[in-house]
$ cat protein.pdb   # PDB, C-alpha atoms and all ligand atoms
ATOM      1  CA  MET A   1      67.868  68.883  81.493
ATOM      2  CA  SER A   2      65.102  67.038  83.210
ATOM      3  CA  ILE A   3      61.518  67.507  84.250
ATOM      4  CA  ASP A   4      60.249  65.632  87.297
ATOM      5  CA  SER A   5      56.492  65.737  86.770
ATOM      6  CA  THR A   6      55.762  64.684  90.370
ATOM      7  CA  TRP A   7      56.015  68.410  91.182
ATOM      8  CA  LEU A   8      53.518  69.529  88.598
ATOM      9  CA  ARG A   9      49.811  70.157  88.091
ATOM     10  CA  CYS A  10      48.012  71.726  85.180
ATOM     11  CA  PRO A  11      47.791  75.545  85.334
ATOM     12  CA  ASN A  12      44.366  75.388  83.634
ATOM     13  CA  CYS A  13      42.428  72.673  85.498
ATOM     14  CA  PHE A  14      44.832  71.732  88.345
ATOM     15  CA  ALA A  15      44.867  68.002  87.465
ATOM     16  CA  ASP A  16      48.260  66.297  87.784
ATOM     17  CA  LEU A  17      50.631  66.638  84.840
ATOM     18  CA  SER A  18      52.644  63.726  83.514
ATOM     19  CA  ALA A  19      55.068  63.065  80.663
ATOM     20  CA  LEU A  20      53.235  61.970  77.501
ATOM     21  CA  GLU A  21      56.012  62.051  74.919
ATOM     22  CA  GLU A  22      59.669  62.972  75.005
ATOM     23  CA  ARG A  23      59.025  66.714  75.332
ATOM     24  CA  VAL A  24      55.277  66.866  75.908
ATOM     25  CA  TYR A  25      53.530  67.031  79.281
ATOM     26  CA  GLY A  26      49.791  66.921  79.789
ATOM     27  CA  CYS A  27      46.836  66.272  82.071
ATOM     28  CA  GLU A  28      43.856  63.923  81.764
ATOM     29  CA  ARG A  29      41.662  66.779  80.500
ATOM     30  CA  GLY A  30      43.757  67.222  77.375
ATOM     31  CA  HIS A  31      45.820  70.323  78.223
ATOM     32  CA  ARG A  32      49.301  70.030  76.706
ATOM     33  CA  PHE A  33      52.628  71.776  77.399
ATOM     34  CA  ASP A  34      55.882  71.495  75.449
ATOM     35  CA  ARG A  35      59.228  71.528  77.161
ATOM     36  CA  SER A  36      61.301  74.332  75.657
ATOM     37  CA  LYS A  37      64.534  73.563  73.862
ATOM     38  CA  HIS A  38      66.292  75.088  76.875
ATOM     39  CA  GLY A  39      64.770  72.410  79.109
ATOM     40  CA  TYR A  40      62.042  74.155  81.112
ATOM     41  CA  LEU A  41      58.233  74.124  81.008
ATOM     42  CA  THR A  42      56.062  77.243  80.828
ATOM     43  CA  LEU A  43      52.999  76.703  83.028
ATOM     44  CA  LEU A  44      51.132  79.988  83.090
ATOM     45  CA  PRO A  45      47.396  80.308  83.724
ATOM     46  CA  PRO A  46      45.062  80.876  80.751
ATOM     47  CA  LYS A  47      45.029  84.679  80.901
ATOM     48  CA  ALA A  48      48.691  85.520  80.560
ATOM     49  CA  PRO A  49      49.687  87.890  83.351
ATOM     50  CA  ARG A  50      51.413  91.126  82.492
ATOM     51  CA  THR A  51      54.283  90.721  84.960
ATOM     52  CA  LEU A  52      57.409  89.519  83.241
ATOM     53  CA  GLY A  53      60.010  89.177  85.988
ATOM     54  CA  ASP A  54      63.621  90.262  85.663
ATOM     55  CA  ASP A  55      65.003  91.107  82.237
ATOM     56  CA  ARG A  56      68.233  89.986  80.645
ATOM     57  CA  ALA A  57      70.314  92.994  81.749
ATOM     58  CA  MET A  58      69.223  92.684  85.385
ATOM     59  CA  LEU A  59      69.955  88.958  85.328
ATOM     60  CA  ALA A  60      73.409  89.487  83.831
ATOM     61  CA  ASP A  61      74.239  91.935  86.649
ATOM     62  CA  ARG A  62      72.768  89.598  89.279
ATOM     63  CA  ALA A  63      74.726  86.612  87.935
ATOM     64  CA  ALA A  64      78.003  88.567  87.915
ATOM     65  CA  LEU A  65      77.444  89.863  91.449
ATOM     66  CA  LEU A  66      76.532  86.433  92.835
ATOM     67  CA  GLU A  67      79.375  84.675  91.030
ATOM     68  CA  SER A  68      81.808  87.129  92.645
ATOM     69  CA  GLY A  69      80.886  85.606  96.027
ATOM     70  CA  ALA A  70      79.515  88.915  97.349
ATOM     71  CA  TYR A  71      76.389  87.232  98.799
ATOM     72  CA  ARG A  72      78.019  83.927  99.737
ATOM     73  CA  PRO A  73      77.361  84.401 103.497
ATOM     74  CA  ILE A  74      73.635  84.670 102.707
ATOM     75  CA  ALA A  75      73.778  81.450 100.711
ATOM     76  CA  ASP A  76      75.652  79.725 103.552
ATOM     77  CA  ALA A  77      73.041  80.809 106.123
ATOM     78  CA  LEU A  78      70.263  79.644 103.831
ATOM     79  CA  THR A  79      71.906  76.264 103.281
ATOM     80  CA  ASP A  80      72.358  75.836 107.046
ATOM     81  CA  ALA A  81      68.659  76.558 107.536
ATOM     82  CA  VAL A  82      67.465  74.003 104.968
ATOM     83  CA  LEU A  83      67.876  71.189 107.432
ATOM     84  CA  PRO A  84      69.712  72.394 110.505
ATOM     85  CA  ARG A  85      70.029  68.976 112.094
ATOM     86  CA  ALA A  86      69.866  66.818 109.011
ATOM     87  CA  THR A  87      70.976  63.242 109.124
ATOM     88  CA  GLU A  88      72.094  61.741 105.843
ATOM     89  CA  SER A  89      68.865  59.796 105.479
ATOM     90  CA  GLU A  90      66.724  62.897 106.111
ATOM     91  CA  ALA A  91      68.685  64.871 103.558
ATOM     92  CA  ALA A  92      68.397  62.217 100.830
ATOM     93  CA  ASP A  93      65.671  62.993  98.311
ATOM     94  CA  LEU A  94      64.690  66.182 100.104
ATOM     95  CA  ARG A  95      62.347  68.083  97.794
ATOM     96  CA  VAL A  96      63.414  71.727  97.626
ATOM     97  CA  ALA A  97      61.524  74.348  95.596
ATOM     98  CA  ASP A  98      63.191  77.716  94.915
ATOM     99  CA  LEU A  99      60.337  80.090  94.079
ATOM    100  CA  GLY A 100      61.558  83.259  92.378
ATOM    101  CA  CYS A 101      64.909  81.536  91.830
ATOM    102  CA  GLY A 102      66.457  84.095  89.462
ATOM    103  CA  THR A 103      69.744  82.711  88.143
ATOM    104  CA  GLY A 104      69.455  79.627  90.396
ATOM    105  CA  TYR A 105      72.410  80.687  92.539
ATOM    106  CA  TYR A 106      70.873  79.816  95.928
ATOM    107  CA  ALA A 107      69.365  76.508  94.799
ATOM    108  CA  GLY A 108      72.751  75.675  93.309
ATOM    109  CA  ARG A 109      74.481  76.331  96.616
ATOM    110  CA  VAL A 110      71.944  74.104  98.411
ATOM    111  CA  SER A 111      72.464  71.293  95.905
ATOM    112  CA  GLN A 112      76.230  71.446  96.424
ATOM    113  CA  THR A 113      75.608  70.577 100.086
ATOM    114  CA  LEU A 114      72.619  68.252  99.700
ATOM    115  CA  HIS A 115      73.672  66.255  96.650
ATOM    116  CA  ASP A 116      70.551  64.084  96.525
ATOM    117  CA  ALA A 117      68.042  66.907  96.933
ATOM    118  CA  ARG A 118      65.371  67.085  94.224
ATOM    119  CA  LEU A 119      65.151  70.668  93.062
ATOM    120  CA  LEU A 120      62.363  72.681  91.520
ATOM    121  CA  LEU A 121      63.428  76.017  89.992
ATOM    122  CA  ALA A 122      60.637  78.493  89.334
ATOM    123  CA  ASP A 123      60.492  82.074  88.125
ATOM    124  CA  ARG A 124      58.298  84.293  85.936
ATOM    125  CA  SER A 125      61.248  85.323  83.800
ATOM    126  CA  PRO A 126      62.129  82.975  80.905
ATOM    127  CA  ASP A 127      65.620  84.497  80.848
ATOM    128  CA  ALA A 128      66.043  83.621  84.520
ATOM    129  CA  MET A 129      64.826  80.106  83.868
ATOM    130  CA  ARG A 130      67.288  79.619  81.010
ATOM    131  CA  ARG A 131      70.119  80.548  83.338
ATOM    132  CA  ALA A 132      68.789  78.464  86.237
ATOM    133  CA  VAL A 133      68.399  75.211  84.289
ATOM    134  CA  ARG A 134      71.787  75.721  82.686
ATOM    135  CA  ALA A 135      73.303  76.090  86.157
ATOM    136  CA  ILE A 136      71.382  73.117  87.622
ATOM    137  CA  PRO A 137      70.632  70.648  84.795
ATOM    138  CA  ASP A 138      69.106  68.097  87.209
ATOM    139  CA  GLY A 139      66.541  70.619  88.457
ATOM    140  CA  THR A 140      62.992  70.857  87.151
ATOM    141  CA  GLY A 141      62.565  74.316  85.619
ATOM    142  CA  VAL A 142      59.158  76.005  85.424
ATOM    143  CA  VAL A 143      58.154  79.464  84.262
ATOM    144  CA  LEU A 144      55.207  80.419  86.483
ATOM    145  CA  ASP A 145      53.586  83.432  88.112
ATOM    146  CA  LEU A 146      53.895  83.593  91.885
ATOM    147  CA  TRP A 147      50.864  85.883  92.118
ATOM    148  CA  ARG A 148      48.542  83.213  90.700
ATOM    149  CA  PRO A 149      47.538  79.679  91.790
ATOM    150  CA  LEU A 150      50.756  77.745  91.283
ATOM    151  CA  PRO A 151      51.052  74.807  88.865
ATOM    152  CA  LEU A 152      52.566  72.745  91.681
ATOM    153  CA  ARG A 153      50.969  69.832  93.528
ATOM    154  CA  ASP A 154      49.722  69.893  97.125
ATOM    155  CA  ASP A 155      52.351  68.810  99.689
ATOM    156  CA  SER A 156      54.998  68.434  96.976
ATOM    157  CA  ALA A 157      57.836  70.297  98.763
ATOM    158  CA  ASP A 158      59.752  69.573 101.958
ATOM    159  CA  VAL A 159      61.448  72.966 101.766
ATOM    160  CA  VAL A 160      60.542  76.156  99.907
ATOM    161  CA  LEU A 161      63.177  78.864  99.327
ATOM    162  CA  ASN A 162      62.062  82.442  98.729
ATOM    163  CA  VAL A 163      64.980  84.831  98.410
ATOM    164  CA  PHE A 164      64.248  88.513  97.690
ATOM    165  CA  ALA A 165      61.249  87.338  95.669
ATOM    166  CA  PRO A 166      57.436  87.725  95.697
ATOM    167  CA  ARG A 167      55.525  85.673  98.281
ATOM    168  CA  ASN A 168      52.200  83.895  97.960
ATOM    169  CA  PRO A 169      51.454  82.643 101.511
ATOM    170  CA  ALA A 170      48.381  80.518 100.769
ATOM    171  CA  GLU A 171      50.042  78.801  97.841
ATOM    172  CA  PHE A 172      53.313  78.286  99.721
ATOM    173  CA  ALA A 173      51.322  76.574 102.478
ATOM    174  CA  ARG A 174      49.439  74.421  99.973
ATOM    175  CA  ILE A 175      52.538  73.065  98.236
ATOM    176  CA  LEU A 176      54.571  72.645 101.431
ATOM    177  CA  ARG A 177      53.973  69.391 103.241
ATOM    178  CA  PRO A 178      52.855  69.733 106.869
ATOM    179  CA  GLY A 179      55.971  70.148 108.998
ATOM    180  CA  GLY A 180      57.953  71.357 105.996
ATOM    181  CA  ARG A 181      59.974  74.571 106.033
ATOM    182  CA  LEU A 182      59.725  77.857 104.228
ATOM    183  CA  LEU A 183      62.968  79.871 104.208
ATOM    184  CA  VAL A 184      62.580  83.542 103.385
ATOM    185  CA  VAL A 185      65.386  86.048 102.899
ATOM    186  CA  VAL A 186      64.393  89.687 103.327
ATOM    187  CA  PRO A 187      66.551  92.828 103.441
ATOM    188  CA  ARG A 188      67.029  94.659 106.753
ATOM    189  CA  ALA A 189      66.774  98.451 106.950
ATOM    190  CA  ALA A 190      70.576  98.758 106.768
ATOM    191  CA  HIS A 191      70.895  96.635 103.611
ATOM    192  CA  LEU A 192      72.963  98.550 101.039
ATOM    193  CA  HIS A 193      72.102 101.778 102.871
ATOM    194  CA  GLU A 194      75.194 103.504 101.483
ATOM    195  CA  LEU A 195      73.722 103.137  97.987
ATOM    196  CA  ARG A 196      70.197 103.883  99.137
ATOM    197  CA  ARG A 197      71.347 107.159 100.631
ATOM    198  CA  ARG A 198      72.551 108.210  97.220
ATOM    199  CA  GLY A 199      69.130 107.525  95.771
ATOM    200  CA  ALA A 200      70.235 104.532  93.733
ATOM    201  CA  LEU A 201      67.922 101.970  95.389
ATOM    202  CA  LEU A 202      64.390 101.821  96.752
ATOM    203  CA  ALA A 203      63.922 102.033 100.531
ATOM    204  CA  VAL A 204      63.246  98.864 102.556
ATOM    205  CA  PRO A 205      59.720  99.203 103.998
ATOM    206  CA  PRO A 206      59.722  99.684 107.801
ATOM    207  CA  ARG A 207      58.806  96.656 109.958
ATOM    208  CA  LYS A 208      59.374  94.378 106.986
ATOM    209  CA  VAL A 209      60.064  91.243 109.052
ATOM    210  CA  THR A 210      56.953  91.807 111.181
ATOM    211  CA  ALA A 211      54.800  92.319 108.109
ATOM    212  CA  VAL A 212      56.169  89.204 106.388
ATOM    213  CA  THR A 213      55.780  87.145 109.576
ATOM    214  CA  GLU A 214      52.153  88.215 110.050
ATOM    215  CA  GLN A 215      51.344  87.609 106.404
ATOM    216  CA  LEU A 216      52.749  84.076 106.493
ATOM    217  CA  ASP A 217      51.316  83.258 109.923
ATOM    218  CA  SER A 218      47.822  83.804 108.600
ATOM    219  CA  ALA A 219      48.453  80.956 106.146
ATOM    220  CA  GLY A 220      49.631  78.548 108.878
ATOM    221  CA  LEU A 221      53.336  79.218 108.354
ATOM    222  CA  VAL A 222      54.783  79.855 111.808
ATOM    223  CA  ARG A 223      58.143  81.535 112.271
ATOM    224  CA  THR A 224      60.530  79.385 114.311
ATOM    225  CA  ARG A 225      63.831  81.081 113.667
ATOM    226  CA  SER A 226      65.334  84.345 112.517
ATOM    227  CA  ARG A 227      68.993  84.736 111.719
ATOM    228  CA  ALA A 228      70.556  88.084 110.887
ATOM    229  CA  VAL A 229      73.373  88.060 108.343
ATOM    230  CA  GLU A 230      75.258  91.344 108.307
ATOM    231  CA  TYR A 231      78.698  92.262 106.976
ATOM    232  CA  LEU A 232      80.591  94.944 105.091
ATOM    233  CA  LEU A 233      81.323  94.288 101.445
ATOM    234  CA  SER A 234      84.284  96.096  99.951
ATOM    235  CA  ALA A 235      82.693  97.274  96.724
ATOM    236  CA  ASP A 236      84.539  98.907  93.872
ATOM    237  CA  GLU A 237      82.663 100.937  91.282
ATOM    238  CA  SER A 238      81.811  97.972  89.085
ATOM    239  CA  THR A 239      80.500  95.955  92.053
ATOM    240  CA  ARG A 240      78.302  98.888  93.055
ATOM    241  CA  ALA A 241      77.026  99.155  89.502
ATOM    242  CA  LEU A 242      76.078  95.445  89.655
ATOM    243  CA  LEU A 243      74.285  95.876  93.001
ATOM    244  CA  ILE A 244      72.206  98.659  91.488
ATOM    245  CA  GLY A 245      71.741  97.125  88.049
ATOM    246  CA  MET A 246      70.375  93.811  89.361
ATOM    247  CA  GLY A 247      67.482  95.551  91.146
ATOM    248  CA  PRO A 248      64.296  97.078  89.783
ATOM    249  CA  THR A 249      65.420 100.659  90.428
ATOM    250  CA  ALA A 250      67.869 100.534  87.543
ATOM    251  CA  ARG A 251      64.965 100.190  85.130
ATOM    252  CA  HIS A 252      63.193 103.274  86.391
ATOM    253  CA  THR A 253      66.130 105.517  87.187
ATOM    254  CA  ALA A 254      68.766 104.814  84.585
ATOM    255  CA  ALA A 255      70.628 108.006  85.455
ATOM    256  CA  ARG A 256      71.142 106.908  89.071
ATOM    257  CA  ARG A 257      73.115 103.877  87.996
ATOM    258  CA  ASP A 258      76.075 106.161  87.413
ATOM    259  CA  ASP A 259      75.575 108.159  90.602
ATOM    260  CA  HIS A 260      77.114 105.926  93.232
ATOM    261  CA  GLY A 261      80.462 107.571  93.925
ATOM    262  CA  THR A 262      84.008 106.794  92.860
ATOM    263  CA  GLY A 263      86.676 104.447  94.173
ATOM    264  CA  THR A 264      86.153 101.548  96.542
ATOM    265  CA  MET A 265      83.824 101.848  99.527
ATOM    266  CA  ASP A 266      82.332  99.541 102.145
ATOM    267  CA  VAL A 267      78.721  98.658 101.518
ATOM    268  CA  THR A 268      76.566  97.037 104.212
ATOM    269  CA  VAL A 269      74.924  93.742 103.377
ATOM    270  CA  ALA A 270      72.184  93.084 105.960
ATOM    271  CA  VAL A 271      69.407  90.520 105.626
ATOM    272  CA  ASP A 272      67.255  88.294 107.777
ATOM    273  CA  VAL A 273      67.024  84.586 106.988
ATOM    274  CA  LEU A 274      63.650  83.546 108.377
ATOM    275  CA  THR A 275      62.506  79.962 108.932
ATOM    276  CA  PHE A 276      58.783  79.163 108.955
ATOM    277  CA  VAL A 277      57.311  75.735 109.678
ATOM    278  CA  HIS A 278      54.081  74.647 108.074
ATOM    279  CA  GLN A 279      51.801  73.816 110.982
ATOM    280  CA  ARG A 280      48.930  71.848 109.542
ATOM    281  CA  ALA A 281      47.564  69.474 112.199
ATOM    282  CA  GLY A 282      47.894  65.730 112.026
ATOM    283  CA  ARG A 283      51.258  65.161 110.337
ATOM    284  CA  PRO A 284      54.756  64.878 111.870
ATOM    285  CA  GLU A 285      56.997  67.933 111.729
ATOM    286  CA  VAL A 286      60.604  68.416 110.779
ATOM    287  CA  PRO A 287      62.262  69.276 114.133
ATOM    288  CA  ALA A 288      62.419  73.062 114.596
ATOM    289  CA  ALA A 289      65.835  74.714 114.645
TER     290      ALA A 289
HETATM  291  C1  LIG A 301      65.214  90.164  93.304
HETATM  292  S1  LIG A 301      65.128  88.802  92.224
HETATM  293  C2  LIG A 301      65.709  87.457  93.263
HETATM  294  C3  LIG A 301      66.173  86.272  92.485
HETATM  295  C4  LIG A 301      66.899  85.199  93.326
HETATM  296  N1  LIG A 301      66.059  84.643  94.332
HETATM  297  C5  LIG A 301      68.144  85.785  93.922
HETATM  298  O1  LIG A 301      68.089  86.293  95.049
HETATM  299  O2  LIG A 301      69.182  85.777  93.255
HETATM  300  C6  LIG A 301      63.373  88.482  92.155
HETATM  301  C7  LIG A 301      63.015  87.342  91.226
HETATM  302  O3  LIG A 301      61.596  87.173  91.267
HETATM  303  C8  LIG A 301      61.136  86.983  89.950
HETATM  304  N2  LIG A 301      59.731  87.396  89.882
HETATM  305  C9  LIG A 301      59.229  88.654  89.912
HETATM  306  N3  LIG A 301      57.887  88.614  89.829
HETATM  307  C10 LIG A 301      57.535  87.313  89.755
HETATM  308  C11 LIG A 301      56.303  86.627  89.662
HETATM  309  N4  LIG A 301      55.148  87.279  89.627
HETATM  310  N5  LIG A 301      56.322  85.275  89.594
HETATM  311  C12 LIG A 301      57.487  84.592  89.635
HETATM  312  N6  LIG A 301      58.694  85.187  89.724
HETATM  313  C13 LIG A 301      58.713  86.534  89.789
HETATM  314  C14 LIG A 301      62.051  87.831  89.083
HETATM  315  O4  LIG A 301      62.062  87.417  87.732
HETATM  316  C15 LIG A 301      63.383  87.629  89.788
HETATM  317  O5  LIG A 301      64.098  86.531  89.260
END
$ encode --input "protein.pdb" --output "structure tokens"
Amino acid sequence: MSIDSTWLRCPNCFADLSALEERVYGCERGHRFDRSKHGYLTLLPPKAPRTLGDDRAMLADRAALLESGAYRPIADALTDAVLPRATESEAADLRVADLGCGTGYYAGRVSQTLHDARLLLADRSPDAMRRAVRAIPDGTGVVLDLWRPLPLRDDSADVVLNVFAPRNPAEFARILRPGGRLLVVVPRAAHLHELRRRGALLAVPPRKVTAVTEQLDSAGLVRTRSRAVEYLLSADESTRALLIGMGPTARHTAARRDDHGTGTMDVTVAVDVLTFVHQRAGRPEVPAA
């Protein structure tokens, strides 16, 4: 369990945070934050937001689904996109922030490839953060709200991961160094459509990739690559229950959790892995893929 304070700024006054005592972090203006016994810091702005992130049951389903390897091809595509032409020296000490990290599965896969990467794990859900720092003890874990100004320093990340999670374009651009990469995973229209048809999941909004691309472009994050990952997953009833239970629909439509057919069926997994490069003038860029 470790906290690397070079990622962090105060959520109240935005001054840099540093370690003051063994478990206490603070800024020059006197704001103080205790590291939890689980090893993460909670850095929420003064007026606590009402969003809470994923709950324990959703996270348990998500962890079981991901540990089964069902989304491994997505993780592999994401890892490839982190530094497509990395030399060993480029990959060393790469600063990677997973924003909306959930259980930490994708950051964990990246760290298995890039052993020296310095990882920041961030999510609104304390339960998610507990799981993420347990999975990646060397990562810096922070409970934060992606809809608010982030408690992360300017230019502190070489790579930002954002997998099925909320996006904050202006803040992503602020924390990403010029030339750094933002990797976004979004569902395609066909994603899990067999379950969607049965009413168990929310629809994917039309033109999702275009909307995300336009939203990020306006913050100076320019799309340089789009890779489709699509395959059929042989899903038995318990796998289908996990796919439904790990999403927000399960909360609102408990009855539908049990309405996803019997036996084993093929379920389509279809996502886009999008690479954006932060184009702020005047600094060298990581070569585009
Ligand atoms: C669909 S899950 C994806 C988690 C992980 N990236 C994955 O794919 O396994 C969305 C994640 O975003 C987090 N989240 C939702 N709202 C958030 C917010 N306002 N700030 C930070 N995290 C948030 C949830 O707690 C959840 O872990």
$ residues_near_ligand --input "protein.pdb" --ligand "ligand LIG 301 (chain A)" --cutoff "9 Å" --atoms "only C-alpha atoms and all ligand atoms" --output "MDAnalysis selection string"
chainID A and resid 49:55 58:59 62:63 66 98:107 122:129 143:148 161:167 185 246:248
$ atom_distance --input "protein.pdb" --atom1 "CA of Val160 (chain A)" --atom2 "CA of Val269 (chain A)"
23.0 Å
$ resolve_selection --input "protein.pdb" --expression "the PyMOL selection byres (((chain A and resi 216) around 10) and not hetatm)" --output "ChimeraX atom specification"
/A:167-170,172-173,182,210-215,217-223,276,278
$ closest_residue --input "protein.pdb" --among "A:Ala203, A:Ala91, A:Cys10, A:Leu78" --to "Arg32 (chain A)" --atoms "all atoms listed in the file"
A:Cys10
$ resolve_selection --input "protein.pdb" --expression "the PyMOL selection byres (((chain A and resi 233-242) around 12) and not hetatm)" --output "VMD selection string"
chain A and resid 57 to 73 191 to 196 198 200 to 201 230 to 232 243 to 250 254 to 270
$ write_last_selection --input "protein.pdb" --atoms "C-alpha atoms" --output "CSV table (one decimal), in the frame of the given file"
chain,number,residue,atom,x,y,z
A,57,ALA,CA,70.3,93.0,81.7
A,58,MET,CA,69.2,92.7,85.4
A,59,LEU,CA,70.0,89.0,85.3
A,60,ALA,CA,73.4,89.5,83.8
A,61,ASP,CA,74.2,91.9,86.6
A,62,ARG,CA,72.8,89.6,89.3
A,63,ALA,CA,74.7,86.6,87.9
A,64,ALA,CA,78.0,88.6,87.9
A,65,LEU,CA,77.4,89.9,91.4
A,66,LEU,CA,76.5,86.4,92.8
A,67,GLU,CA,79.4,84.7,91.0
A,68,SER,CA,81.8,87.1,92.6
A,69,GLY,CA,80.9,85.6,96.0
A,70,ALA,CA,79.5,88.9,97.3
A,71,TYR,CA,76.4,87.2,98.8
A,72,ARG,CA,78.0,83.9,99.7
A,73,PRO,CA,77.4,84.4,103.5
A,191,HIS,CA,70.9,96.6,103.6
A,192,LEU,CA,73.0,98.6,101.0
A,193,HIS,CA,72.1,101.8,102.9
A,194,GLU,CA,75.2,103.5,101.5
A,195,LEU,CA,73.7,103.1,98.0
A,196,ARG,CA,70.2,103.9,99.1
A,198,ARG,CA,72.6,108.2,97.2
A,200,ALA,CA,70.2,104.5,93.7
A,201,LEU,CA,67.9,102.0,95.4
A,230,GLU,CA,75.3,91.3,108.3
A,231,TYR,CA,78.7,92.3,107.0
A,232,LEU,CA,80.6,94.9,105.1
A,243,LEU,CA,74.3,95.9,93.0
A,244,ILE,CA,72.2,98.7,91.5
A,245,GLY,CA,71.7,97.1,88.0
A,246,MET,CA,70.4,93.8,89.4
A,247,GLY,CA,67.5,95.6,91.1
A,248,PRO,CA,64.3,97.1,89.8
A,249,THR,CA,65.4,100.7,90.4
A,250,ALA,CA,67.9,100.5,87.5
A,254,ALA,CA,68.8,104.8,84.6
A,255,ALA,CA,70.6,108.0,85.5
A,256,ARG,CA,71.1,106.9,89.1
A,257,ARG,CA,73.1,103.9,88.0
A,258,ASP,CA,76.1,106.2,87.4
A,259,ASP,CA,75.6,108.2,90.6
A,260,HIS,CA,77.1,105.9,93.2
A,261,GLY,CA,80.5,107.6,93.9
A,262,THR,CA,84.0,106.8,92.9
A,263,GLY,CA,86.7,104.4,94.2
A,264,THR,CA,86.2,101.5,96.5
A,265,MET,CA,83.8,101.8,99.5
A,266,ASP,CA,82.3,99.5,102.1
A,267,VAL,CA,78.7,98.7,101.5
A,268,THR,CA,76.6,97.0,104.2
A,269,VAL,CA,74.9,93.7,103.4
A,270,ALA,CA,72.2,93.1,106.0
$ atom_distance --input "protein.pdb" --atom1 "CA of Ala15 (chain A)" --atom2 "CA of Arg134 (chain A)"
28.4 Å
$ closest_residue --input "protein.pdb" --among "A:Val229, A:Leu94, A:Leu183, A:Ala117" --to "Gly139 (chain A)" --atoms "only C-alpha atoms"
A:Ala117
$ atom_distance --input "protein.pdb" --atom1 "CA of Asp93 (chain A)" --atom2 "CA of Arg174 (chain A)"
19.9 Å
$ resolve_selection --input "protein.pdb" --expression "the PyMOL selection byres (((chain A and resi 17-24) around 12) and not hetatm)" --output "number ranges by chain"
A: 1-16, 25-43, 151-153
$ residues_around --input "protein.pdb" --residues "region 108-111 of chain A" --least-positions-apart "2" --cutoff "9 Å" --atoms "only C-alpha atoms" --output "list in words"
Arg72, Ala75, Asp76, Leu78, Thr79, Asp80, Val82, Val96, Gly104, Tyr105, Tyr106, Thr113, Leu114, His115, Asp116, Ala117, Arg118, Leu119, Ala132, Ala135 and Ile136 of chain A
$ closest_residue --input "protein.pdb" --among "A:Leu176, A:Leu120, A:Leu44, A:Ala92" --to "Val159 (chain A)" --atoms "all atoms listed in the file"
A:Leu176
$ residues_around --input "protein.pdb" --residues "Val209 (chain A)" --least-positions-apart "6" --cutoff "12 Å" --atoms "only C-alpha atoms" --output "PyMOL selection string"
chain A and resi 184-189+215-217+223+225-228+271-275
$ write_last_selection --input "protein.pdb" --atoms "C-alpha atoms" --output "PDB file, keeping the file's coordinate frame"
ATOM      1  CA  VAL A 184      62.580  83.542 103.385  1.00  0.00           C
ATOM      2  CA  VAL A 185      65.386  86.048 102.899  1.00  0.00           C
ATOM      3  CA  VAL A 186      64.393  89.687 103.327  1.00  0.00           C
ATOM      4  CA  PRO A 187      66.551  92.828 103.441  1.00  0.00           C
ATOM      5  CA  ARG A 188      67.029  94.659 106.753  1.00  0.00           C
ATOM      6  CA  ALA A 189      66.774  98.451 106.950  1.00  0.00           C
ATOM      7  CA  GLN A 215      51.344  87.609 106.404  1.00  0.00           C
ATOM      8  CA  LEU A 216      52.749  84.076 106.493  1.00  0.00           C
ATOM      9  CA  ASP A 217      51.316  83.258 109.923  1.00  0.00           C
ATOM     10  CA  ARG A 223      58.143  81.535 112.271  1.00  0.00           C
ATOM     11  CA  ARG A 225      63.831  81.081 113.667  1.00  0.00           C
ATOM     12  CA  SER A 226      65.334  84.345 112.517  1.00  0.00           C
ATOM     13  CA  ARG A 227      68.993  84.736 111.719  1.00  0.00           C
ATOM     14  CA  ALA A 228      70.556  88.084 110.887  1.00  0.00           C
ATOM     15  CA  VAL A 271      69.407  90.520 105.626  1.00  0.00           C
ATOM     16  CA  ASP A 272      67.255  88.294 107.777  1.00  0.00           C
ATOM     17  CA  VAL A 273      67.024  84.586 106.988  1.00  0.00           C
ATOM     18  CA  LEU A 274      63.650  83.546 108.377  1.00  0.00           C
ATOM     19  CA  THR A 275      62.506  79.962 108.932  1.00  0.00           C
TER      20      THR A 275
END
$ axis_aligned_box --input "protein.pdb" --around "region 3-19 of chain A" --padding-each-side "4 Å" --output "lines of an AutoDock Vina configuration file"
center_x = 52.0
center_y = 69.3
center_z = 85.9
size_x = 27.1
size_y = 20.5
size_z = 18.5
$ closest_residue --input "protein.pdb" --among "A:Val142, A:Pro45, A:Arg280, A:Ala77" --to "Ala97 (chain A)" --atoms "all atoms listed in the file"
A:Val142
$ decode --input "protein.pdb" --residues "region 74-79 of chain A" --atoms "N, CA and C atoms" --output "PDB file, in the first residue's frame"
ATOM      1  N   ILE A  74     -10.350  -7.261 -24.447  1.00  0.00           N
ATOM      2  CA  ILE A  74     -10.426  -5.791 -24.296  1.00  0.00           C
ATOM      3  C   ILE A  74      -9.182  -5.307 -23.551  1.00  0.00           C
ATOM      4  N   ALA A  75      -8.828  -6.027 -22.499  1.00  0.00           N
ATOM      5  CA  ALA A  75      -7.643  -5.636 -21.725  1.00  0.00           C
ATOM      6  C   ALA A  75      -6.388  -5.711 -22.591  1.00  0.00           C
ATOM      7  N   ASP A  76      -6.310  -6.730 -23.450  1.00  0.00           N
ATOM      8  CA  ASP A  76      -5.127  -6.866 -24.317  1.00  0.00           C
ATOM      9  C   ASP A  76      -5.039  -5.693 -25.305  1.00  0.00           C
ATOM     10  N   ALA A  77      -6.190  -5.311 -25.871  1.00  0.00           N
ATOM     11  CA  ALA A  77      -6.189  -4.190 -26.828  1.00  0.00           C
ATOM     12  C   ALA A  77      -5.807  -2.894 -26.119  1.00  0.00           C
ATOM     13  N   LEU A  78      -6.282  -2.751 -24.904  1.00  0.00           N
ATOM     14  CA  LEU A  78      -5.976  -1.540 -24.133  1.00  0.00           C
ATOM     15  C   LEU A  78      -4.475  -1.487 -23.816  1.00  0.00           C
ATOM     16  N   THR A  79      -3.934  -2.605 -23.402  1.00  0.00           N
ATOM     17  CA  THR A  79      -2.508  -2.663 -23.067  1.00  0.00           C
ATOM     18  C   THR A  79      -1.664  -2.354 -24.300  1.00  0.00           C
TER      19      THR A  79
END
